[in-house]
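Participant: Starting off with a structure, shown below.
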Amino acid sequence: MLKTLLTGLLFTSCCAMSWLHLSDIHVDMRYKDNAPNKCVVWSKLGTMCCRDNDIAIGGSEPCSKYGDLSNDVPPLLVTSVLGWVGDNLYFDFIINTGDDGSHKDVNQVFSNDNADSIHFITDALDSHFPSKPSYRVMGNHDSYWNVDQTFPGYSRFVADVTNPWKKWINDSNMGSYGYYSHDLDGRTKLVVMNSLFYDAHNLFQINDVSYDKATGNQIAWLENELNTSKDVLFLNHIPMTSGESNEYMKSALSNLTHRYSNTITATLNGHSHRSRFELYKVGGIYVSFALINPSIYTDGHYPMFRKYTYEEGVLDFEEYVCNISAAVETNNFTCTKEYSFLEEYSLTNIDLPNLVNLYERMQTNGTLLDMYITHYSPPELDMTIDYLGEIVN
Ligand SMILES: [Zn+2]
């Protein structure tokens with residue numbers, strides 16, 4: 001009796017964890033409030049406005065100190081979100097699925113902007129949460145020199161930006177290639193991939209086994225990690241079905257996430273900036289899923305983030321939204337909990353059967369689908385998106 005009780009107590013304490021999940025922060029270290037929010041764009045590399053010397057175009061308004069719905073975010077927004085989180089939420093650790101870097105122009109080639117953005121986020125997390133481990137993922141904007149690229153010199157860049165993360169992560173692959181694994185509690189392991197090597201826009205993309213072997217051998221490493229783990233949270237910036245995922249990554253991940261679907265508790269992605277999930281089919285049968293975290297970067301919507309809980313095999317998240325228009329009006333920065341996923345959609349877990357069930361109910365229940373659409377990218381409501389169609393891949 002005593003033994004059963006003790007085992008029960010130990011199990012309870014060993015298998016409950018919670019984390020703050022941030023993604024796609026895209027902080028612009030040269031953001032200037034009151035600069036024009038619509039400006040002359042010099043190239044198609046992804047230039048944003050809200051910078052000194054930007055030349056206003058028609059319809060432009062001054063960028064606010066907390067950010068602008070169509071531009072990269074100021075450092076003040078990041079510290080305001082972290083300040084609010086620190087005052088209001090409890091969690092064990094932090095996950096950031098990448099893209100700290102901002103959308104920049106050709107001048108990115110001649111600057112340290114990407115490294116500066118990543119180091120700023122590292123310092124901000126450390127100063128707000130000095131005792132909470134943070135586990136980071138390299139995104140396609142956390143690149144060298146320019147967006148989506150791993151030019152020669154990228155390994156030096158990776159070593160530099162990941163160096164301060166070593167206090168939380170002990171894996172030499174992180175400093176060399178930006179991928180790593182980390183045992184959270186003796187049972188659940190974080191397996192963290194660097195998808196930039198397989199970005200279809202990357203001039204140096206890895207697109208076959210021999211190139212992969214010569215450049216960190218990441219897919220073989222990933223397979224070995226999945227093969228030797230019991231319970232994995234798989235973190236990867238670019239979802240495997242994204243247009244930026246090259247055929248080599250798509251086929252490798254489709255194969256591995258299917259074969260190890262019992263080992264992978266959840267795949268957590270960023271990159272899309274929207275609050276979404278995806279289901280993957282092989283031969284007409286659902287085999288795996290991914291949860292896509294919304295971005296702190298405004299990209300038409302308010303900054304958003306999640307707090308996950310994983311307890312006794314049950315995964316859930318709460319989603320938070322920070323209304324920056326209200327913050328500017330009242331000069332009071334605050335975020336609000338929008339919903340808890342399981343409660344909102346009447347589910348018992350975030351796993352493949354529950355997500356398939358939700359997808360199928362949304363096909364016939366307009367109210368349920370409206371809820372999903374409302375949470376996708378608030379306050380933006382884009383009715384041209386095929387919300388149901390993009391779930392199944
Ligand atoms: Zn992004």
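Chain identifiers are assigned as A, B, and so on, following the order in which chains appear in the structure tokens; residues are numbered from 1 within each chain, and ligands are numbered from 1 in order of appearance.
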Could you give me, as a ChimeraX atom specification, every polymer residue with an atom at most 7 Å away from an atom of ligand 1, counting only C-alpha atoms and all ligand atoms?
Facilitator: /A:24,26,99,141,271-273
Participant: How about saving the chosen residues, N, CA and C atoms kept, as a PDB file, in the first residue's frame?
Facilitator:
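That gives us selection28.pdb:
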ATOM      1  N   ASP A  24       9.238  33.210 -33.391  1.00  0.00           N
ATOM      2  CA  ASP A  24       9.289  34.261 -34.419  1.00  0.00           C
ATOM      3  C   ASP A  24       9.158  35.662 -33.820  1.00  0.00           C
ATOM      4  N   HIS A  26      11.358  38.201 -34.250  1.00  0.00           N
ATOM      5  CA  HIS A  26      11.722  39.185 -35.294  1.00  0.00           C
ATOM      6  C   HIS A  26      11.914  40.580 -34.694  1.00  0.00           C
ATOM      7  N   ASP A  99      13.749  32.395 -35.248  1.00  0.00           N
ATOM      8  CA  ASP A  99      13.544  33.655 -35.961  1.00  0.00           C
ATOM      9  C   ASP A  99      13.514  34.842 -34.991  1.00  0.00           C
ATOM     10  N   HIS A 141      15.626  33.138 -40.334  1.00  0.00           N
ATOM     11  CA  HIS A 141      16.125  34.519 -40.217  1.00  0.00           C
ATOM     12  C   HIS A 141      17.315  34.601 -39.260  1.00  0.00           C
ATOM     13  N   HIS A 271       7.602  29.619 -37.697  1.00  0.00           N
ATOM     14  CA  HIS A 271       7.752  29.976 -39.108  1.00  0.00           C
ATOM     15  C   HIS A 271       6.496  30.552 -39.756  1.00  0.00           C
ATOM     16  N   SER A 272       5.317  30.023 -39.436  1.00  0.00           N
ATOM     17  CA  SER A 272       4.106  30.458 -40.138  1.00  0.00           C
ATOM     18  C   SER A 272       3.508  31.725 -39.517  1.00  0.00           C
ATOM     19  N   HIS A 273       3.871  32.015 -38.264  1.00  0.00           N
ATOM     20  CA  HIS A 273       3.420  33.195 -37.516  1.00  0.00           C
ATOM     21  C   HIS A 273       1.960  33.102 -37.086  1.00  0.00           C
TER      22      HIS A 273
END
Participant: Between CA of Tyr135 (chain A) and CA of Ser172 (chain A), what is the distance, to one decimal in Å?
Facilitator: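 Result for CA of Tyr135 (chain A) versus CA of Ser172 (chain A): 14.7 Å, one decimal.
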Participant: List the spatial neighbours of Met193 (chain A) as a list in words - criterion: any atom at most 8 Å away, only C-alpha atoms, same-chain residues fewer than 3 positions off excluded.
Facilitator: Val137, Met138, Gly178, Tyr179, Tyr180, Gln218, Leu222, Phe234, Leu235, Asn236 and His237 of chain A
Participant: How would the residues just chosen look if you wrote them out with N, CA, C and O atoms as a compact mmCIF listing (two decimals), in the first residue's frame?
Facilitator:
# COMPACT_ATOMS: atom_id res chain seq x y z
N VAL A 137 15.76 27.51 -30.87
CA VAL A 137 15.81 26.84 -32.16
C VAL A 137 16.31 27.85 -33.18
O VAL A 137 15.91 29.01 -33.13
N MET A 138 17.16 27.42 -34.10
CA MET A 138 17.63 28.33 -35.15
C MET A 138 16.55 28.41 -36.24
O MET A 138 16.06 27.39 -36.73
N GLY A 178 24.00 23.96 -34.60
CA GLY A 178 22.73 24.54 -34.16
C GLY A 178 21.64 23.52 -33.87
O GLY A 178 20.49 23.88 -33.65
N TYR A 179 21.96 22.22 -33.89
CA TYR A 179 20.95 21.22 -33.47
C TYR A 179 21.46 20.54 -32.20
O TYR A 179 22.66 20.50 -31.94
N TYR A 180 20.55 20.01 -31.39
CA TYR A 180 20.96 19.38 -30.14
C TYR A 180 19.81 18.60 -29.52
O TYR A 180 18.65 18.73 -29.96
N GLN A 218 22.83 15.64 -39.86
CA GLN A 218 21.74 15.92 -38.93
C GLN A 218 20.60 14.90 -39.00
O GLN A 218 20.03 14.54 -37.96
N LEU A 222 19.21 12.74 -36.04
CA LEU A 222 17.81 12.81 -35.62
C LEU A 222 17.22 11.40 -35.48
O LEU A 222 16.55 11.09 -34.49
N PHE A 234 9.67 17.34 -30.21
CA PHE A 234 10.50 17.59 -31.39
C PHE A 234 10.32 19.05 -31.82
O PHE A 234 9.22 19.45 -32.22
N LEU A 235 11.38 19.84 -31.73
CA LEU A 235 11.32 21.26 -32.06
C LEU A 235 12.02 21.51 -33.39
O LEU A 235 13.16 21.08 -33.58
N ASN A 236 11.36 22.24 -34.26
CA ASN A 236 11.93 22.54 -35.57
C ASN A 236 11.28 23.81 -36.08
O ASN A 236 10.05 23.94 -36.04
N HIS A 237 12.06 24.77 -36.56
CA HIS A 237 11.46 26.05 -36.97
C HIS A 237 10.51 25.88 -38.16
O HIS A 237 9.34 26.28 -38.10
Participant: What lies within 9 Å of Phe151 (chain A) using only C-alpha atoms, ignoring chain neighbours under 3 positions off, as a ChimeraX atom specification?
Facilitator: /A:143-146,154-155,202-204
Participant: Fewer than 2 positions away in the same chain doesn't count, so skip those; otherwise give me all residues within 12 Å of Ile324 (chain A), counting only C-alpha atoms, as a VMD selection string.
Facilitator: chain A and resid 63 to 69 73 to 74 76 to 78 80 to 81 296 to 298 300 to 304 321 to 322 326 to 336 378 to 379
Participant: Using C-alpha atoms, can you write the selected residues to a file as an mmCIF file, in the first residue's frame?
Facilitator:
data_model
loop_
_atom_site.group_PDB
_atom_site.id
_atom_site.type_symbol
_atom_site.label_atom_id
_atom_site.label_comp_id
_atom_site.auth_asym_id
_atom_site.auth_seq_id
_atom_site.Cartn_x
_atom_site.Cartn_y
_atom_site.Cartn_z
ATOM 1 C CA CYS A 63 5.202 53.700 -35.577
ATOM 2 C CA SER A 64 4.201 53.359 -31.934
ATOM 3 C CA LYS A 65 6.661 52.629 -29.144
ATOM 4 C CA TYR A 66 5.141 49.143 -28.611
ATOM 5 C CA GLY A 67 5.269 48.215 -32.281
ATOM 6 C CA ASP A 68 3.250 48.311 -35.434
ATOM 7 C CA LEU A 69 0.956 45.681 -36.910
ATOM 8 C CA VAL A 73 8.912 44.595 -33.347
ATOM 9 C CA PRO A 74 10.872 46.987 -31.098
ATOM 10 C CA LEU A 76 10.514 47.468 -25.862
ATOM 11 C CA LEU A 77 7.760 45.127 -27.018
ATOM 12 C CA VAL A 78 9.893 42.072 -26.217
ATOM 13 C CA SER A 80 7.147 44.353 -22.129
ATOM 14 C CA VAL A 81 5.893 40.854 -23.031
ATOM 15 C CA ILE A 296 5.469 37.589 -31.126
ATOM 16 C CA TYR A 297 6.186 39.477 -34.382
ATOM 17 C CA THR A 298 3.027 41.363 -35.300
ATOM 18 C CA GLY A 300 -0.863 41.755 -39.122
ATOM 19 C CA HIS A 301 -1.807 40.439 -35.673
ATOM 20 C CA TYR A 302 -1.173 41.189 -32.012
ATOM 21 C CA PRO A 303 1.848 39.511 -30.358
ATOM 22 C CA MET A 304 0.895 35.989 -29.288
ATOM 23 C CA VAL A 321 -2.567 37.801 -26.913
ATOM 24 C CA CYS A 322 -1.166 41.288 -26.189
ATOM 25 C CA ALA A 326 -4.847 49.256 -26.403
ATOM 26 C CA ALA A 327 -1.375 49.488 -24.826
ATOM 27 C CA VAL A 328 -0.588 52.575 -26.926
ATOM 28 C CA GLU A 329 -3.923 54.178 -26.049
ATOM 29 C CA THR A 330 -3.717 53.539 -22.310
ATOM 30 C CA ASN A 331 0.083 53.456 -21.957
ATOM 31 C CA ASN A 332 -0.442 50.250 -20.019
ATOM 32 C CA PHE A 333 1.000 47.083 -21.528
ATOM 33 C CA THR A 334 -0.971 43.955 -20.826
ATOM 34 C CA CYS A 335 -1.682 40.543 -22.314
ATOM 35 C CA THR A 336 -4.776 38.392 -21.903
ATOM 36 C CA PRO A 378 -6.294 38.214 -34.143
ATOM 37 C CA PRO A 379 -7.477 40.866 -34.878
#
Participant: Which is closer to Asp116 (chain A) than all the others in A:Lys230, A:Arg30, A:Lys250, A:Arg306, using only C-alpha atoms?
Facilitator: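 Nearest candidate to Asp116 (chain A) out of A:Lys230, A:Arg30, A:Lys250, A:Arg306: A:Arg30.
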